[in-house]
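Next up, final14.txt (compact mmCIF, C-alpha atoms):
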# COMPACT_ATOMS: atom_id res chain seq x y z
CA MET A 1 0.00 0.00 0.00
CA SER A 2 2.73 2.44 0.95
CA ALA A 3 5.43 0.95 -1.26
CA PRO A 4 4.46 2.37 -4.68
CA THR A 5 3.78 5.88 -3.41
CA GLY A 6 6.69 5.45 -1.01
CA SER A 7 9.45 7.78 -1.98
CA PRO A 8 7.56 11.08 -2.32
CA ALA A 9 5.56 10.44 0.85
CA HIS A 10 8.67 9.47 2.76
CA ALA A 11 10.52 12.53 1.65
CA ASP A 12 7.60 14.63 2.85
CA ASP A 13 7.52 12.75 6.14
CA ASP A 14 11.20 13.32 6.75
CA GLY A 15 10.78 17.00 6.17
CA THR A 16 8.16 17.32 8.87
CA HIS A 17 9.96 15.05 11.31
CA ASP A 18 13.47 16.37 11.21
CA PRO A 19 13.08 19.48 13.35
CA GLN A 20 11.32 17.48 16.05
CA ARG A 21 13.84 14.69 16.03
CA HIS A 22 16.57 17.02 17.21
CA GLY A 23 14.88 17.90 20.45
CA SER A 24 13.00 14.75 21.41
CA GLY A 25 13.40 11.59 19.44
CA TYR A 26 10.16 9.85 20.28
CA SER A 27 7.58 12.57 20.58
CA ALA A 28 4.26 11.97 18.87
CA ASP A 29 3.70 13.76 15.60
CA HIS A 30 0.84 16.02 16.57
CA ALA A 31 0.82 16.10 20.35
CA THR A 32 -0.25 19.62 21.22
CA LEU A 33 -2.18 20.96 24.18
CA LYS A 34 -4.99 22.12 21.94
CA ARG A 35 -5.48 18.65 20.43
CA TYR A 36 -5.54 16.96 23.83
CA LEU A 37 -8.03 19.47 25.23
CA THR A 38 -10.28 19.19 22.15
CA GLY A 39 -10.26 15.40 22.42
CA PHE A 40 -10.94 15.56 26.16
CA ALA A 41 -13.89 17.94 25.76
CA LEU A 42 -15.36 15.84 22.96
CA SER A 43 -15.00 12.59 24.91
CA ILE A 44 -16.63 14.11 28.01
CA ILE A 45 -19.64 15.16 25.92
CA LEU A 46 -19.75 11.78 24.15
CA THR A 47 -19.62 9.96 27.50
CA ALA A 48 -22.09 12.15 29.37
CA ILE A 49 -24.87 11.93 26.78
CA PRO A 50 -25.17 8.07 26.74
CA PHE A 51 -25.10 7.93 30.56
CA TRP A 52 -27.80 10.62 30.67
CA LEU A 53 -29.89 8.77 28.07
CA VAL A 54 -29.79 5.50 30.02
CA MET A 55 -29.96 6.82 33.59
CA GLY A 56 -32.69 9.36 32.85
CA LYS A 57 -34.67 6.91 30.67
CA VAL A 58 -35.00 9.69 28.10
CA ILE A 59 -36.04 7.51 25.13
CA GLU A 60 -39.12 5.30 25.56
CA ARG A 61 -38.02 2.30 23.50
CA PRO A 62 -34.90 0.51 24.79
CA SER A 63 -33.96 -0.73 21.32
CA VAL A 64 -33.64 2.87 20.09
CA THR A 65 -31.54 3.75 23.14
CA VAL A 66 -29.21 0.81 22.38
CA PHE A 67 -28.60 2.04 18.85
CA VAL A 68 -28.01 5.64 19.95
CA VAL A 69 -25.64 4.56 22.74
CA LEU A 70 -23.67 2.31 20.37
CA ALA A 71 -23.41 5.14 17.84
CA PHE A 72 -22.02 7.46 20.53
CA ALA A 73 -19.47 4.78 21.52
CA ALA A 74 -18.33 4.38 17.91
CA VAL A 75 -17.86 8.15 17.52
CA GLN A 76 -16.01 8.36 20.82
CA ILE A 77 -13.64 5.54 19.83
CA VAL A 78 -12.79 7.46 16.65
CA VAL A 79 -12.25 10.65 18.68
CA HIS A 80 -9.86 8.83 21.02
CA MET A 81 -7.99 7.28 18.08
CA VAL A 82 -7.50 10.63 16.38
CA TYR A 83 -6.90 12.99 19.32
CA PHE A 84 -5.19 10.74 21.91
CA LEU A 85 -3.56 7.98 19.85
CA HIS A 86 -2.69 10.46 17.03
CA MET A 87 -3.89 8.12 14.31
CA ASN A 88 -3.67 9.29 10.75
CA ALA A 89 -3.20 7.65 7.38
CA LYS A 90 0.43 8.74 7.11
CA SER A 91 1.99 7.69 10.44
CA GLU A 92 4.68 4.99 10.02
CA GLY A 93 4.17 5.17 6.26
CA GLY A 94 0.56 3.98 6.53
CA TRP A 95 1.35 0.75 8.37
CA THR A 96 -0.49 1.65 11.56
CA ILE A 97 -3.73 2.38 9.75
CA LEU A 98 -3.31 -0.79 7.68
CA ALA A 99 -2.85 -2.89 10.84
CA LEU A 100 -5.86 -1.14 12.38
CA ILE A 101 -8.09 -1.85 9.38
CA PHE A 102 -6.99 -5.50 9.35
CA THR A 103 -7.76 -5.80 13.06
CA LEU A 104 -11.14 -4.14 12.65
CA VAL A 105 -12.07 -6.60 9.91
CA LEU A 106 -11.12 -9.53 12.19
CA VAL A 107 -13.02 -7.98 15.11
CA VAL A 108 -16.16 -7.49 13.05
CA ILE A 109 -15.99 -11.08 11.74
CA ALA A 110 -15.41 -12.52 15.24
CA LEU A 111 -18.11 -10.43 16.92
CA SER A 112 -20.88 -10.62 14.34
CA GLY A 113 -20.11 -14.27 13.52
CA SER A 114 -20.24 -15.35 17.18
CA LEU A 115 -23.45 -13.47 17.88
CA TRP A 116 -25.12 -14.70 14.70
CA VAL A 117 -24.19 -18.38 15.13
CA MET A 118 -24.89 -18.54 18.85
CA TYR A 119 -28.21 -16.72 18.51
CA HIS A 120 -29.44 -19.32 16.02
CA LEU A 121 -28.05 -22.10 18.22
CA ASN A 122 -30.10 -20.78 21.14
CA GLN A 123 -33.18 -20.64 18.93
CA ASN A 124 -32.84 -24.34 18.14
CA MET A 125 -32.32 -25.46 21.73
CA MET A 126 -35.06 -27.22 23.68
CA PRO A 127 -36.86 -24.72 25.91
CA VAL A 128 -36.01 -24.97 29.61
CA SER A 129 -38.40 -23.65 32.23
CA THR A 130 -37.24 -21.52 35.16
CA GLN A 131 -38.17 -24.32 37.57
CA GLN A 132 -36.00 -26.82 35.68
CA MET A 133 -33.15 -24.32 35.82
CA ARG A 134 -33.46 -24.00 39.58
CA ASP A 135 -33.29 -27.78 39.97
CA MET A 136 -30.06 -27.93 38.00
CA PRO A 137 -26.91 -28.78 39.95
CA MET B 138 33.82 -19.97 -13.27
CA SER B 139 35.79 -16.99 -14.48
CA ASP B 140 33.06 -16.48 -17.02
CA HIS B 141 30.54 -16.20 -14.23
CA ALA B 142 32.65 -13.79 -12.28
CA ALA B 143 33.05 -11.60 -15.34
CA ALA B 144 29.32 -11.68 -15.92
CA LEU B 145 28.60 -10.84 -12.31
CA ALA B 146 31.06 -8.02 -11.92
CA PRO B 147 29.32 -5.46 -14.17
CA GLY B 148 25.97 -6.48 -12.71
CA ALA B 149 27.24 -5.89 -9.20
CA THR B 150 28.54 -2.42 -9.95
CA GLY B 151 25.33 -1.61 -11.79
CA ALA B 152 23.22 -2.72 -8.81
CA ASP B 153 25.24 -0.53 -6.49
CA GLU B 154 23.21 2.58 -7.25
CA ASN B 155 19.98 0.65 -6.82
CA LEU B 156 21.22 -0.66 -3.50
CA SER B 157 21.89 2.77 -2.07
CA PHE B 158 18.43 3.88 -3.25
CA HIS B 159 16.83 1.03 -1.29
CA VAL B 160 18.74 1.85 1.87
CA SER B 161 17.75 5.51 1.77
CA GLY B 162 14.14 4.49 1.30
CA GLU B 163 14.06 2.88 4.74
CA HIS B 164 13.29 5.83 6.95
CA HIS B 165 12.85 6.08 10.72
CA PRO B 166 14.53 2.82 11.70
CA GLU B 167 14.55 4.04 15.33
CA ASN B 168 10.76 4.34 15.35
CA GLY B 169 10.25 0.64 14.67
CA THR B 170 9.46 0.14 18.35
CA LEU B 171 6.33 2.26 18.14
CA LEU B 172 5.02 0.35 15.12
CA GLY B 173 5.81 -2.95 16.83
CA PHE B 174 4.03 -1.81 19.95
CA TRP B 175 1.05 -0.76 17.85
CA LEU B 176 0.94 -4.29 16.42
CA TYR B 177 0.95 -5.66 19.98
CA LEU B 178 -1.98 -3.38 20.81
CA MET B 179 -3.86 -4.67 17.78
CA SER B 180 -3.37 -8.27 18.96
CA ASP B 181 -4.51 -7.20 22.42
CA CYS B 182 -7.54 -5.72 20.69
CA LEU B 183 -8.31 -9.19 19.33
CA VAL B 184 -8.13 -10.64 22.85
CA PHE B 185 -10.69 -8.11 24.00
CA ALA B 186 -12.83 -8.74 20.90
CA CYS B 187 -13.04 -12.44 21.83
CA LEU B 188 -14.02 -11.55 25.40
CA PHE B 189 -16.62 -9.09 24.08
CA ALA B 190 -17.99 -11.83 21.78
CA CYS B 191 -18.15 -14.18 24.80
CA TYR B 192 -20.05 -11.57 26.78
CA GLY B 193 -22.31 -10.87 23.80
CA VAL B 194 -23.24 -14.55 23.60
CA LEU B 195 -23.54 -15.27 27.35
CA GLY B 196 -24.53 -11.80 28.63
CA ARG B 197 -28.22 -12.69 28.93
CA SER B 198 -27.81 -16.20 30.36
CA TYR B 199 -28.71 -15.36 33.95
CA ALA B 200 -29.42 -18.98 35.11
CA ALA B 201 -32.34 -17.57 37.12
CA GLY B 202 -29.82 -15.36 38.92
CA PRO B 203 -29.47 -11.56 39.08
CA SER B 204 -29.35 -9.58 35.84
CA GLY B 205 -27.32 -6.52 34.92
CA ALA B 206 -30.25 -4.25 35.81
CA ASP B 207 -30.27 -5.72 39.33
CA LEU B 208 -26.53 -5.49 39.90
CA PHE B 209 -25.00 -2.54 38.05
CA ASP B 210 -24.76 0.78 39.82
CA LEU B 211 -24.43 3.34 37.01
CA PRO B 212 -23.25 6.29 39.18
CA THR B 213 -20.27 4.15 40.26
CA VAL B 214 -19.55 3.31 36.63
CA ALA B 215 -19.78 7.02 35.75
CA VAL B 216 -17.22 7.83 38.46
CA ASN B 217 -14.94 5.06 37.15
CA THR B 218 -15.29 6.29 33.57
CA SER B 219 -14.42 9.86 34.52
CA LEU B 220 -11.38 8.64 36.50
CA LEU B 221 -10.04 6.80 33.46
CA LEU B 222 -10.87 9.68 31.12
CA LEU B 223 -9.09 12.16 33.42
CA SER B 224 -6.06 9.86 33.62
CA SER B 225 -5.93 9.87 29.81
CA ILE B 226 -5.72 13.66 29.61
CA THR B 227 -3.17 13.86 32.46
CA TYR B 228 -0.99 11.35 30.61
CA GLY B 229 -1.33 13.64 27.60
CA PHE B 230 -0.05 16.52 29.74
CA ALA B 231 2.89 14.34 30.82
CA VAL B 232 3.74 13.70 27.14
CA LEU B 233 3.58 17.45 26.42
CA GLU B 234 5.94 18.19 29.34
CA MET B 235 8.23 15.42 28.09
CA GLN B 236 8.38 17.11 24.68
CA ASP B 237 9.45 20.33 26.39
CA ASN B 238 12.09 18.34 28.31
CA ARG B 239 10.80 19.24 31.78
CA ARG B 240 11.55 16.28 33.99
CA GLY B 241 9.82 17.45 37.18
CA ALA B 242 6.53 18.35 35.50
CA THR B 243 6.56 15.06 33.55
CA LEU B 244 7.01 13.11 36.76
CA ALA B 245 4.25 15.10 38.48
CA TRP B 246 1.72 14.43 35.71
CA LEU B 247 2.74 10.77 35.61
CA ALA B 248 2.11 10.56 39.36
CA VAL B 249 -1.36 12.12 38.91
CA THR B 250 -2.07 9.62 36.12
CA GLY B 251 -0.96 6.73 38.32
CA LEU B 252 -3.17 7.90 41.20
CA LEU B 253 -6.21 8.22 38.91
CA GLY B 254 -5.51 4.74 37.52
CA ALA B 255 -5.16 3.35 41.04
CA GLY B 256 -8.47 5.01 41.91
CA PHE B 257 -10.07 3.31 38.92
CA VAL B 258 -8.75 -0.11 39.96
CA GLY B 259 -9.80 0.55 43.55
CA VAL B 260 -13.39 1.41 42.62
CA GLU B 261 -13.54 -1.64 40.36
CA LEU B 262 -12.22 -3.96 43.07
CA HIS B 263 -14.76 -2.48 45.49
CA GLU B 264 -17.51 -3.21 42.96
CA PHE B 265 -16.26 -6.78 42.45
CA GLY B 266 -16.09 -7.32 46.21
CA HIS B 267 -19.63 -6.01 46.60
CA LEU B 268 -20.91 -8.36 43.86
CA ILE B 269 -19.17 -11.40 45.32
CA HIS B 270 -20.43 -10.49 48.79
CA GLU B 271 -23.99 -10.42 47.43
CA GLY B 272 -23.54 -13.94 46.03
CA ALA B 273 -23.16 -12.70 42.46
CA GLY B 274 -19.64 -14.03 41.98
CA PRO B 275 -18.24 -15.36 38.71
CA GLN B 276 -19.55 -18.88 39.48
CA ARG B 277 -23.18 -17.75 39.75
CA SER B 278 -24.13 -17.68 36.04
CA ALA B 279 -22.67 -17.57 32.55
CA PHE B 280 -23.50 -13.87 32.46
CA LEU B 281 -21.43 -13.21 35.58
CA SER B 282 -18.56 -15.47 34.43
CA SER B 283 -18.22 -13.55 31.17
CA PHE B 284 -18.69 -10.23 32.97
CA PHE B 285 -15.91 -10.90 35.47
CA THR B 286 -13.60 -12.20 32.72
CA LEU B 287 -14.08 -9.18 30.45
CA VAL B 288 -14.04 -6.43 33.07
CA GLY B 289 -11.39 -8.24 35.11
CA THR B 290 -9.06 -8.54 32.11
CA HIS B 291 -9.38 -4.81 31.50
CA GLY B 292 -8.72 -4.10 35.17
CA LEU B 293 -5.67 -6.36 35.05
CA HIS B 294 -4.36 -4.40 32.05
CA VAL B 295 -4.78 -1.14 33.95
CA SER B 296 -3.04 -2.63 37.00
CA PHE B 297 -0.04 -3.71 34.94
CA GLY B 298 -0.10 -0.30 33.27
CA ILE B 299 0.31 1.24 36.73
CA VAL B 300 3.23 -1.08 37.50
CA TRP B 301 4.81 -0.04 34.20
CA LEU B 302 4.14 3.64 34.97
CA VAL B 303 5.83 3.44 38.39
CA THR B 304 8.81 1.66 36.79
CA LEU B 305 9.11 4.40 34.18
CA MET B 306 8.84 7.12 36.86
CA ILE B 307 11.83 5.57 38.63
CA GLN B 308 13.70 5.34 35.30
CA VAL B 309 12.99 8.98 34.46
CA ALA B 310 13.93 10.13 37.96
CA ARG B 311 17.24 8.27 37.73
CA HIS B 312 18.32 8.79 34.14
CA GLY B 313 16.29 11.78 33.02
CA LEU B 314 14.34 12.15 29.78
CA ILE B 315 16.85 10.30 27.61
CA ALA B 316 15.80 8.98 24.20
CA ALA B 317 15.20 5.45 25.53
CA ASN B 318 12.92 6.75 28.28
CA GLN B 319 11.03 8.94 25.81
CA ARG B 320 10.42 5.90 23.63
CA ARG B 321 9.16 3.93 26.64
CA LEU B 322 6.90 6.80 27.70
CA MET B 323 5.39 6.95 24.20
CA CYS B 324 4.73 3.19 24.28
CA LEU B 325 3.00 3.48 27.65
CA SER B 326 1.05 6.45 26.30
CA MET B 327 -0.34 4.28 23.50
CA PHE B 328 -1.09 1.48 25.98
CA TRP B 329 -2.88 3.84 28.37
CA HIS B 330 -5.03 5.51 25.69
CA PHE B 331 -5.79 2.09 24.20
CA LEU B 332 -7.15 0.90 27.56
CA ASP B 333 -9.37 3.97 27.61
CA VAL B 334 -10.70 3.00 24.17
CA VAL B 335 -11.45 -0.53 25.42
CA TRP B 336 -13.23 0.96 28.43
CA ILE B 337 -15.57 2.87 26.08
CA GLY B 338 -16.64 -0.52 24.73
CA VAL B 339 -17.00 -1.94 28.26
CA PHE B 340 -19.16 0.80 29.72
CA THR B 341 -21.34 0.95 26.61
CA PHE B 342 -21.70 -2.75 25.83
CA VAL B 343 -21.67 -4.16 29.37
CA TYR B 344 -23.00 -1.53 31.74
CA LEU B 345 -25.29 0.78 29.75
CA MET B 346 -26.75 -1.99 27.57
CA GLY B 347 -26.86 -4.41 30.51
CA VAL B 348 -29.09 -2.07 32.48
CA LEU B 349 -31.54 -1.67 29.60
CA PRO B 350 -34.28 -4.33 29.48

Would you mind writing the file's structure down as structure tokens?
Amino acid sequence: MSAPTGSPAHADDDGTHDPQRHGSGYSADHATLKRYLTGFALSIILTAIPFWLVMGKVIERPSVTVFVVLAFAAVQIVVHMVYFLHMNAKSEGGWTILALIFTLVLVVIALSGSLWVMYHLNQNMMPVSTQQMRDMP
Amino acid sequence: MSDHAAALAPGATGADENLSFHVSGEHHPENGTLLGFWLYLMSDCLVFACLFACYGVLGRSYAAGPSGADLFDLPTVAVNTSLLLLSSITYGFAVLEMQDNRRGATLAWLAVTGLLGAGFVGVELHEFGHLIHEGAGPQRSAFLSSFFTLVGTHGLHVSFGIVWLVTLMIQVARHGLIAANQRRLMCLSMFWHFLDVVWIGVFTFVYLMGVLP
């Protein structure tokens, strides 16, 4: 992915890195106070709203609340990735984003596959009453 | 044989320019640690994904025992979440001080981060103790087994993060903000922020959705 477009991108990268490398070798590319504070403010808002929605029972239907809460979590994860973990398409010549995308694909397959298969397995199980469950060892 | 050598010799000198081009193309060899650590985090992400899948499958198997709505105390979870979120921003401040090469301020922010992390682990242990005391331990139902495994694994990560943080504080106090220590601090920074990302999944998927009917 990065190999064909490599040399111009790398040259650009080196240009932006060199001044920083003199002072502190391992500082993150874009770590500034403003970025951290923006990310912090965003994540507070994105945390507070789901808690408020669930604790205050704002939305009548729980299924709608679930979707809204999950959407807020997804947005907050992206905010943390960008503002705290300094993710971008160019860091390490694109290898970090490539590893992330690969991991996300695996995570989606593992999560959705498990839920899908096990849900249908549960559907096909013999029903067990609460009383039978209590009598179980 | 001599024929081969003669054939190789011009090739070798011709490839010399290409060779130097390839070497110059490999930039930032000293930053390989950060990429490697990122790959570790991604594999850790897969561990958590499996535990999340486990909880997703077993999270409603109460075995006639208590459910999430009976057990979870959302104000406590909110306190825990804010502790971890605050520790993320204080670690960010430590990184900023590190970039400006101020050892004392870096150590101070690292100490604040460690205390917030310890507070998080403390609240979580208190919650676990309360659950076990009420008879809702990990052996009670599949829901509670998967809950303790998922949340406990995250708590264990944070605990080891604190151990790592204290180790690094001693290193920085002894040797200063040398390049090796800066690299270690950046690795721990990624680890710490990554745990915060996992916690977003935990409080959404386990606590908020567990309380909903």

| Pick from A:Leu100, A:Ala41, A:Leu121, A:Met133, whichever lies nearest to A:Phe84 using only C-alpha atoms | A:Ala41

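As for atom CA of B:Gly266 and atom CA of B:Val335, they are spaced 22.4 Å apart.
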
| said: I need the contact residues of chain B against chain A, so if you could list those with any atom within 6 Å, counting only C-alpha atoms, and return them as an MDAnalysis selection string, that would help. | reply: chainID B and resid 186 190 194 316 319:320 334

| field | Exercise: stretch 296-300 of chain B partners within 8 Å, all atoms listed in the file, chain neighbours under 3 positions left out, as a list in words | value | Gly251, Gly254, Ala255, Val258, Gly292, Leu293, Val303, Thr304, Leu325, Phe328 and Trp329 of chain B

| query | To one decimal place, how far is atom CA of B:Phe340 from atom CA of B:Ala215 in Å? | reply | 8.7 Å

Please write out, as JSON, where the centre of an axis-aligned box around all listed atoms of stretch 96-106 of chain A lies and how long its edges are, in Å to one decimal, after adding 3 Å on each side.
{"center_x": -6.3, "center_y": -3.6, "center_z": 10.4, "size_x": 17.6, "size_y": 17.9, "size_z": 11.4}

| message | Using only C-alpha atoms, which protein or nucleic acid residues come within 9 Å of B:Met327? Drop anything in the same chain fewer than 2 positions from it, and give the result as a PyMOL selection string. | response | (chain A and resi 84-85) or (chain B and resi 171+174-175+178+322-325+329-332)

| note | Residue with the minimum atom-to-atom distance to B:Tyr192, picked from B:Asn318, B:Ser283, B:Thr290, B:Gln308 with only C-alpha atoms counted, is B:Ser283

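Distances here use only C-alpha atoms; by that measure, the residue among B:Leu211, B:Ser326, B:Leu220, B:Cys191 closest to B:Leu247 is B:Ser326.
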
| request: Go ahead and find all residues with at least one atom no further than 10 Å from (-21.8, -23.3, 28.8) in the file's coordinates, using only C-alpha atoms; report them as an MDAnalysis selection string. | output: chainID B and resid 195 198 278:279

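Note that atom CA of B:Gly338 and atom CA of B:Leu233 are 27.1 Å apart.
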
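Closest approach to A:Val68 among B:Val184, B:Ile226, B:Leu244, B:Leu345 is made by B:Leu345 (distances from all atoms listed in the file).
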
Could stretch 339-350 of chain B be completed with N, CA and C atoms and written as a CSV table (one decimal), in the coordinates of the input, please?
chain,number,residue,atom,x,y,z
B,339,VAL,N,-16.5,-1.2,27.1
B,339,VAL,CA,-17.0,-1.9,28.3
B,339,VAL,C,-18.2,-1.2,28.8
B,340,PHE,N,-18.0,0.1,29.0
B,340,PHE,CA,-19.2,0.8,29.7
B,340,PHE,C,-20.4,0.9,28.8
B,341,THR,N,-20.2,0.9,27.5
B,341,THR,CA,-21.3,1.0,26.6
B,341,THR,C,-22.0,-0.4,26.5
B,342,PHE,N,-21.2,-1.4,26.2
B,342,PHE,CA,-21.7,-2.8,25.8
B,342,PHE,C,-22.1,-3.5,27.1
B,343,VAL,N,-21.4,-3.4,28.2
B,343,VAL,CA,-21.7,-4.2,29.4
B,343,VAL,C,-22.6,-3.4,30.3
B,344,TYR,N,-22.2,-2.2,30.7
B,344,TYR,CA,-23.0,-1.5,31.7
B,344,TYR,C,-24.3,-0.9,31.2
B,345,LEU,N,-24.1,0.0,30.2
B,345,LEU,CA,-25.3,0.8,29.8
B,345,LEU,C,-26.3,-0.2,29.1
B,346,MET,N,-25.8,-1.1,28.2
B,346,MET,CA,-26.8,-2.0,27.6
B,346,MET,C,-27.2,-3.1,28.5
B,347,GLY,N,-26.4,-3.4,29.6
B,347,GLY,CA,-26.9,-4.4,30.5
B,347,GLY,C,-28.0,-3.9,31.4
B,348,VAL,N,-28.0,-2.6,31.6
B,348,VAL,CA,-29.1,-2.1,32.5
B,348,VAL,C,-30.4,-2.0,31.7
B,349,LEU,N,-30.3,-1.8,30.4
B,349,LEU,CA,-31.5,-1.7,29.6
B,349,LEU,C,-32.3,-3.0,29.5
B,350,PRO,N,-33.6,-3.1,29.5
B,350,PRO,CA,-34.3,-4.3,29.5
B,350,PRO,C,-34.1,-5.0,28.1
